[in-house]
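What follows is a short report on a single structure.
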Amino acid sequence: MRWLVLIAASAIALLVVILGFATYTVPTVLVPDQGGVFREGVAGVPQYLHPVWCQNRNNNVDSDICQLVYRGLMRLGENGRIVPDLAESWNVTDGRIYQFRLKPDLFWHDGRPLTVDDVIFSYSILQDPALAEIPGLPAPWRSVTIEKLDDRTLQITLPQPFAPFLDLTTVGILPQHIYQTTPARTLVTEPLTATPIGAGPMRIVEMAPDHVRLEPSSFNGGATPFISALEFRFFPDYGNVVAAFDAQQIDGLSLLAPGDARNAAARDDVQLFSSVESGYENVVLNINNPNAPFFQDRSVRQALLYALDRERLIDEVLSGQGIVARGLRSPGHWAYTPEVRQYPYDPATAQALLDQAGWIDSDGDGVREKDGRPFTFILLVKDDSLHQQIGVQLAADWAEIGVQAEVQAVPFSGLVTDFLAPRTFEAALIDWNQIGDPDPYPQWHSSQIEGNGQNYAGWQNAEADQLMEAARQITDEAERKALYAQFQTIFAEELPSLPLFHPLYTYGVSTRVQNVQIGALNAPAERFDGFADWYIDARRVPASQAPAVSSPSTPGIIPGGDGD
């Protein structure tokens with residue numbers, strides 16, 4: 001009997017050892033788990049949080065929050081194309097009748113259904129006559145007719161075709177049941193900072209002077225993020241944002257200036273992601289200023305661009321955070337065309353063009369003259385350090401060909417109101433925000449030379465005007481692209497402004513945050529489009545039970561650090 005007991009005990013012990021060994025050798029992996037708070041540092045504080053002003057993108061903090069809180073009928077998609085958001089489908093008839101059908105089962109953050117009535121209410125605000133004199137509001141809304149066709153369909157009729165109109169339908173929708181008693185003027189001019197309600201993927205749960213906290217909306221209908229909450233921490237400037245990251249107070253750097261981006265690339269605790277911005281930096285030349293008559297000559301304008309070493313400018317002043325602008329559109333946009341005249345750095349060609357135009361340094365003082373007038377002008381730049389450095393570099397390049405530019409720094413508000421709007425400047429370094437529809441009409445049509453138009457250069461070209469007018473009447477993308485290609489060809493020959501570069505937007509995320517994926521962006525606020533896949537917490541499971549997790553390297557990403 002004792003032998004039987006001993007044999008049984010030995011067998012049990014052996015079985016325990018075998019099972020324990022098998023358990024120990026089962027491969028396991030870490031997989032994303034729910035939990036954690038992502039903290040991002042931003043420079044500034046929310047101002048309005050009204051979706052219309054977020055569309056103007058004058059405040060980066062507002063734009064970041066609005067992108068997460070609100071949704072429009074349509075949204076900006078890949079390559080600058082407009083794609084459905086709240087809308088399930090849409091169509092255009094005769095270039096001016098737009099029909100939109102909403103997706104089923106849409107809800108606000110408070111659980112109330114989102115309906116066609118909410119959409120009509122939001123757009124009717126912009127039609128209110130009390131708002132007519134407020135600058136910056138999209139004027140086309142005032143002349144359209146909006147009809148409810150059924151519970152999920154609305155129709156918007158324009159008085160005449162206007163292709164850029166679709167871009168206006170990306171503005172976020174407001175809930176009628178919350179704001180219907182608020183006068184339109186009050187609603188538009190006063191901040192919506194008391195925890196606004198939207199239909200976006202995130203809802204605001206806490207607003208404080210130093211931060212705002214957002215959590216996933218249970219009514220969004222999309223994938224539930226692994227990360228439990230996202231907090232924007234407010235700082236006075238980007239220098240303080242970097243300091244907070246160094247102190248491990250935040251996990252995300254909302255924007256890295258060129259110098260900070262170069263320093264961050266050498267760190268092992270941060271992942272860097274970069275995307276070419278859709279806007280561009282350029283020098284606008286006032287063709288009609290009598291104090292700078294040389295700008296009226298196209299060959300002189302071409303010479304000024306040939307004289308600029310833009311690659312060196314990007315490397316030395318921008319720390320590599322930019323690409324040379326070959327035109328008015330960034331290479332990723334659907335309306336971009338590379339088939340235009342190019343201006344590589346070529347000071348010899350620049351000098352030859354100036355010689356042919358009669359601008360000669362006859363007295364040997366290093367500055368060219370013509371008819372007793374020296375080739376000198378004032379270059380206005382914004383008064384921040386980066387733009388002043390750019391201005392100094394431009395002036396140095398022009399000095400090499402006998403052109404003297406005096407760099408004068410002014411506050412941005414003064415640059416617009418005191419110089420650009422009244423057309424009292426000679427040349428100005430300006431960064432154009434080109435997010436959305438590629439329509440160049442507001443900046444370059446001859447009708448925009450006077451009044452509130454933005455054709456500050458005073459450029460007039462009849463053929464270019466006709467192309468811009470025709471492109472506004474056509475909704476077919478291929479036809480519009482062909483017209484804009486012709487326009488860009490003319491612009492590249494005429495050069496009423498000198499395109500310099502498209503900046504790179506660079507974003508930093510701590511390596512403690514995993515599976516961050518950021519592709520090409522239309523605007524920096526889109527960096528959270530893939531936020532649902534990010535994670536901080538993880539748990540260990542058998543490899544056979546692990547769900548698939550996408551790779552954090554996708555086209556359009558420029559990673560840095562070793563957290564990839």
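Identifiers for the structure tokens are assigned positionally: chains receive A, B, ... in sequence, residues are indexed from 1 per chain, and ligands are indexed from 1 in the order shown.
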
How close does each residue of stretch 505-552 of chain A get to stretch 210-227 of chain A, giving the shortest atom pair and distance in Å to one decimal for every residue with an atom at most 9 Å away, counting only C-alpha atoms, sorted by chain and residue number, as a Markdown table?
| residue | atom | partner | partner_atom | distance |
| --- | --- | --- | --- | --- |
| A:Phe531 | CA | A:Pro225 | CA | 6.7 |
| A:Ala532 | CA | A:Pro225 | CA | 3.7 |
| A:Asp533 | CA | A:Pro225 | CA | 6.3 |
| A:Trp534 | CA | A:Phe226 | CA | 6.6 |
| A:Tyr535 | CA | A:Phe226 | CA | 5.4 |
| A:Ile536 | CA | A:Ile227 | CA | 6.6 |
| A:Asp537 | CA | A:Ile227 | CA | 7.9 |

Using DSSP on the backbone, list every residue of stretch 110-319 of chain A that comes out as strand (DSSP E or B), and give them as a ChimeraX atom specification.
-> /A:113,145-150,153-157,202-208,211-216,229-235,252-253,270-276,280-285

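Nearest residue to A:Thr195, choosing from A:Pro338, A:Gly239, A:Pro46, A:Gly436 and counting only C-alpha atoms: A:Pro46.
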
Compile the contact shell of A:Pro191 as JSON, numbers by chain: residues with an atom at most 12 Å away, counting only C-alpha atoms, same-chain residues fewer than 5 positions apart removed.
-> {"A": [45, 46, 47, 48, 49, 50, 51, 52, 53, 54, 62, 185, 186, 196]}

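Considering only C-alpha atoms, the residue among A:Gln517, A:Leu192, A:Val26, A:Met202 positioned nearest to A:Leu68 is A:Met202.
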
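Among the residues of stretch 474-554 of chain A, backbone DSSP assigns helix (DSSP H, G or I) to A:Glu477, A:Ala478, A:Glu479, A:Arg480, A:Lys481, A:Ala482, A:Leu483, A:Tyr484, A:Ala485, A:Gln486, A:Phe487, A:Gln488, A:Thr489, A:Ile490, A:Phe491, A:Ala492, A:Glu493, A:Glu494, A:Pro524, A:Ala525, A:Glu526, A:Arg527, A:Phe528, A:Phe531, A:Ala532, A:Asp533, A:Ala543, A:Ser544, A:Gln545.
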
Can you list every residue of stretch 183-297 of chain A that has an atom at most 12 Å from stretch 326-332 of chain A, with its nearest atom pair and the distance in Å to one decimal, using only C-alpha atoms, ordered by chain then number, as a tab-separated table?
residue	atom	partner	partner_atom	distance
A:Ser275	CA	A:Gly332	CA	10.1
A:Val276	CA	A:Ser330	CA	7.4
A:Glu277	CA	A:Ser330	CA	7.3
A:Ser278	CA	A:Ser330	CA	5.4
A:Gly279	CA	A:Ser330	CA	7.2
A:Tyr280	CA	A:Leu328	CA	6.9
A:Glu281	CA	A:Leu328	CA	9.3
A:Asn282	CA	A:Leu328	CA	9.2

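If only C-alpha atoms are the atoms counted, then among A:Val116, A:Ala261, A:Met468, A:Ala427 the closest residue to A:Asn288 is A:Ala427.
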
Length of the atom CA of A:Gln404 to atom CA of A:Arg341 vector [Å] = 25.7 Å

If you count only C-alpha atoms, which residues fall within 6 Å of stretch 501-516 of chain A, apart from same-chain ones fewer than 2 positions away, as a count of residues only?
-> 27

Distance criterion (only C-alpha atoms): nearest to A:Gly458 out of A:Asn289, A:Ser544, A:Thr489, A:Gln388 = A:Asn289

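With only C-alpha atoms as the basis for measurement, A:Gln389 is the residue among A:Asn263, A:Asn291, A:Ser299, A:Gln389 that approaches A:Val317 most closely.
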
Near stretch 79-94 of chain A, counting only C-alpha atoms, which residues have an atom at most 7 Å away, once you skip same-chain residues fewer than 3 positions from it, shown as number ranges by chain?
-> A: 71-76, 97-103, 167, 332-334, 436, 522

Can you list, as a PyMOL selection string, every protein, DNA or RNA residue that comes within 12 Å of A:Asp439 when you count only C-alpha atoms, leaving out same-chain residues fewer than 4 positions away?
-> chain A and resi 80+162-167+328-329+335-336+434-435+443-445+465+467-475+480-481+483-485+487-488

Dump C-alpha atoms for the selected residues as a PDB file, in the first residue's frame?
ATOM      1  CA  GLY A  80      -7.041  68.249 -49.136  1.00  0.00           C
ATOM      2  CA  PHE A 162     -19.487  78.319 -56.203  1.00  0.00           C
ATOM      3  CA  ALA A 163     -17.182  75.303 -55.942  1.00  0.00           C
ATOM      4  CA  PRO A 164     -15.393  76.399 -52.724  1.00  0.00           C
ATOM      5  CA  PHE A 165     -18.749  76.288 -50.913  1.00  0.00           C
ATOM      6  CA  LEU A 166     -18.283  72.615 -50.018  1.00  0.00           C
ATOM      7  CA  ASP A 167     -15.321  73.632 -47.865  1.00  0.00           C
ATOM      8  CA  LEU A 328       1.512  78.010 -54.103  1.00  0.00           C
ATOM      9  CA  ARG A 329       0.404  74.486 -53.174  1.00  0.00           C
ATOM     10  CA  ALA A 335      -4.491  70.790 -56.890  1.00  0.00           C
ATOM     11  CA  TYR A 336      -0.673  70.807 -56.895  1.00  0.00           C
ATOM     12  CA  GLN A 434      -3.829  77.513 -47.353  1.00  0.00           C
ATOM     13  CA  ILE A 435      -5.921  74.893 -45.529  1.00  0.00           C
ATOM     14  CA  GLN A 443      -5.383  86.547 -52.635  1.00  0.00           C
ATOM     15  CA  TRP A 444      -4.754  86.937 -56.350  1.00  0.00           C
ATOM     16  CA  HIS A 445      -7.852  88.042 -58.303  1.00  0.00           C
ATOM     17  CA  ASP A 465      -8.553  86.224 -63.482  1.00  0.00           C
ATOM     18  CA  LEU A 467      -9.006  80.927 -64.834  1.00  0.00           C
ATOM     19  CA  MET A 468      -9.826  81.679 -61.203  1.00  0.00           C
ATOM     20  CA  GLU A 469     -13.377  82.681 -62.103  1.00  0.00           C
ATOM     21  CA  ALA A 470     -13.941  79.538 -64.178  1.00  0.00           C
ATOM     22  CA  ALA A 471     -12.550  77.234 -61.477  1.00  0.00           C
ATOM     23  CA  ARG A 472     -15.071  78.639 -59.008  1.00  0.00           C
ATOM     24  CA  GLN A 473     -17.941  77.593 -61.271  1.00  0.00           C
ATOM     25  CA  ILE A 474     -16.944  73.932 -61.695  1.00  0.00           C
ATOM     26  CA  THR A 475     -17.325  71.150 -59.147  1.00  0.00           C
ATOM     27  CA  ARG A 480     -10.632  72.401 -61.590  1.00  0.00           C
ATOM     28  CA  LYS A 481      -7.166  70.875 -61.326  1.00  0.00           C
ATOM     29  CA  LEU A 483      -7.554  75.242 -64.565  1.00  0.00           C
ATOM     30  CA  TYR A 484      -5.436  75.661 -61.446  1.00  0.00           C
ATOM     31  CA  ALA A 485      -2.465  74.143 -63.264  1.00  0.00           C
ATOM     32  CA  PHE A 487      -3.108  79.503 -63.174  1.00  0.00           C
ATOM     33  CA  GLN A 488       0.000  78.237 -61.385  1.00  0.00           C
TER      34      GLN A 488
END

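Distances from A:Asp118, A:Asp309, A:Asp151, A:Glu206 to A:Gln176 were compared using only C-alpha atoms, and the smallest one belongs to A:Asp118.
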
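Close contacts of A:Ser385, defined as residues with an atom at most 12 Å away when counting only C-alpha atoms, with chain neighbours fewer than 5 positions off set aside, comprise Ala257, Pro258, Gly259, Val317, Leu318, Ile390, Gly391, Val392, Ala409, Val410 and Pro411 of chain A.
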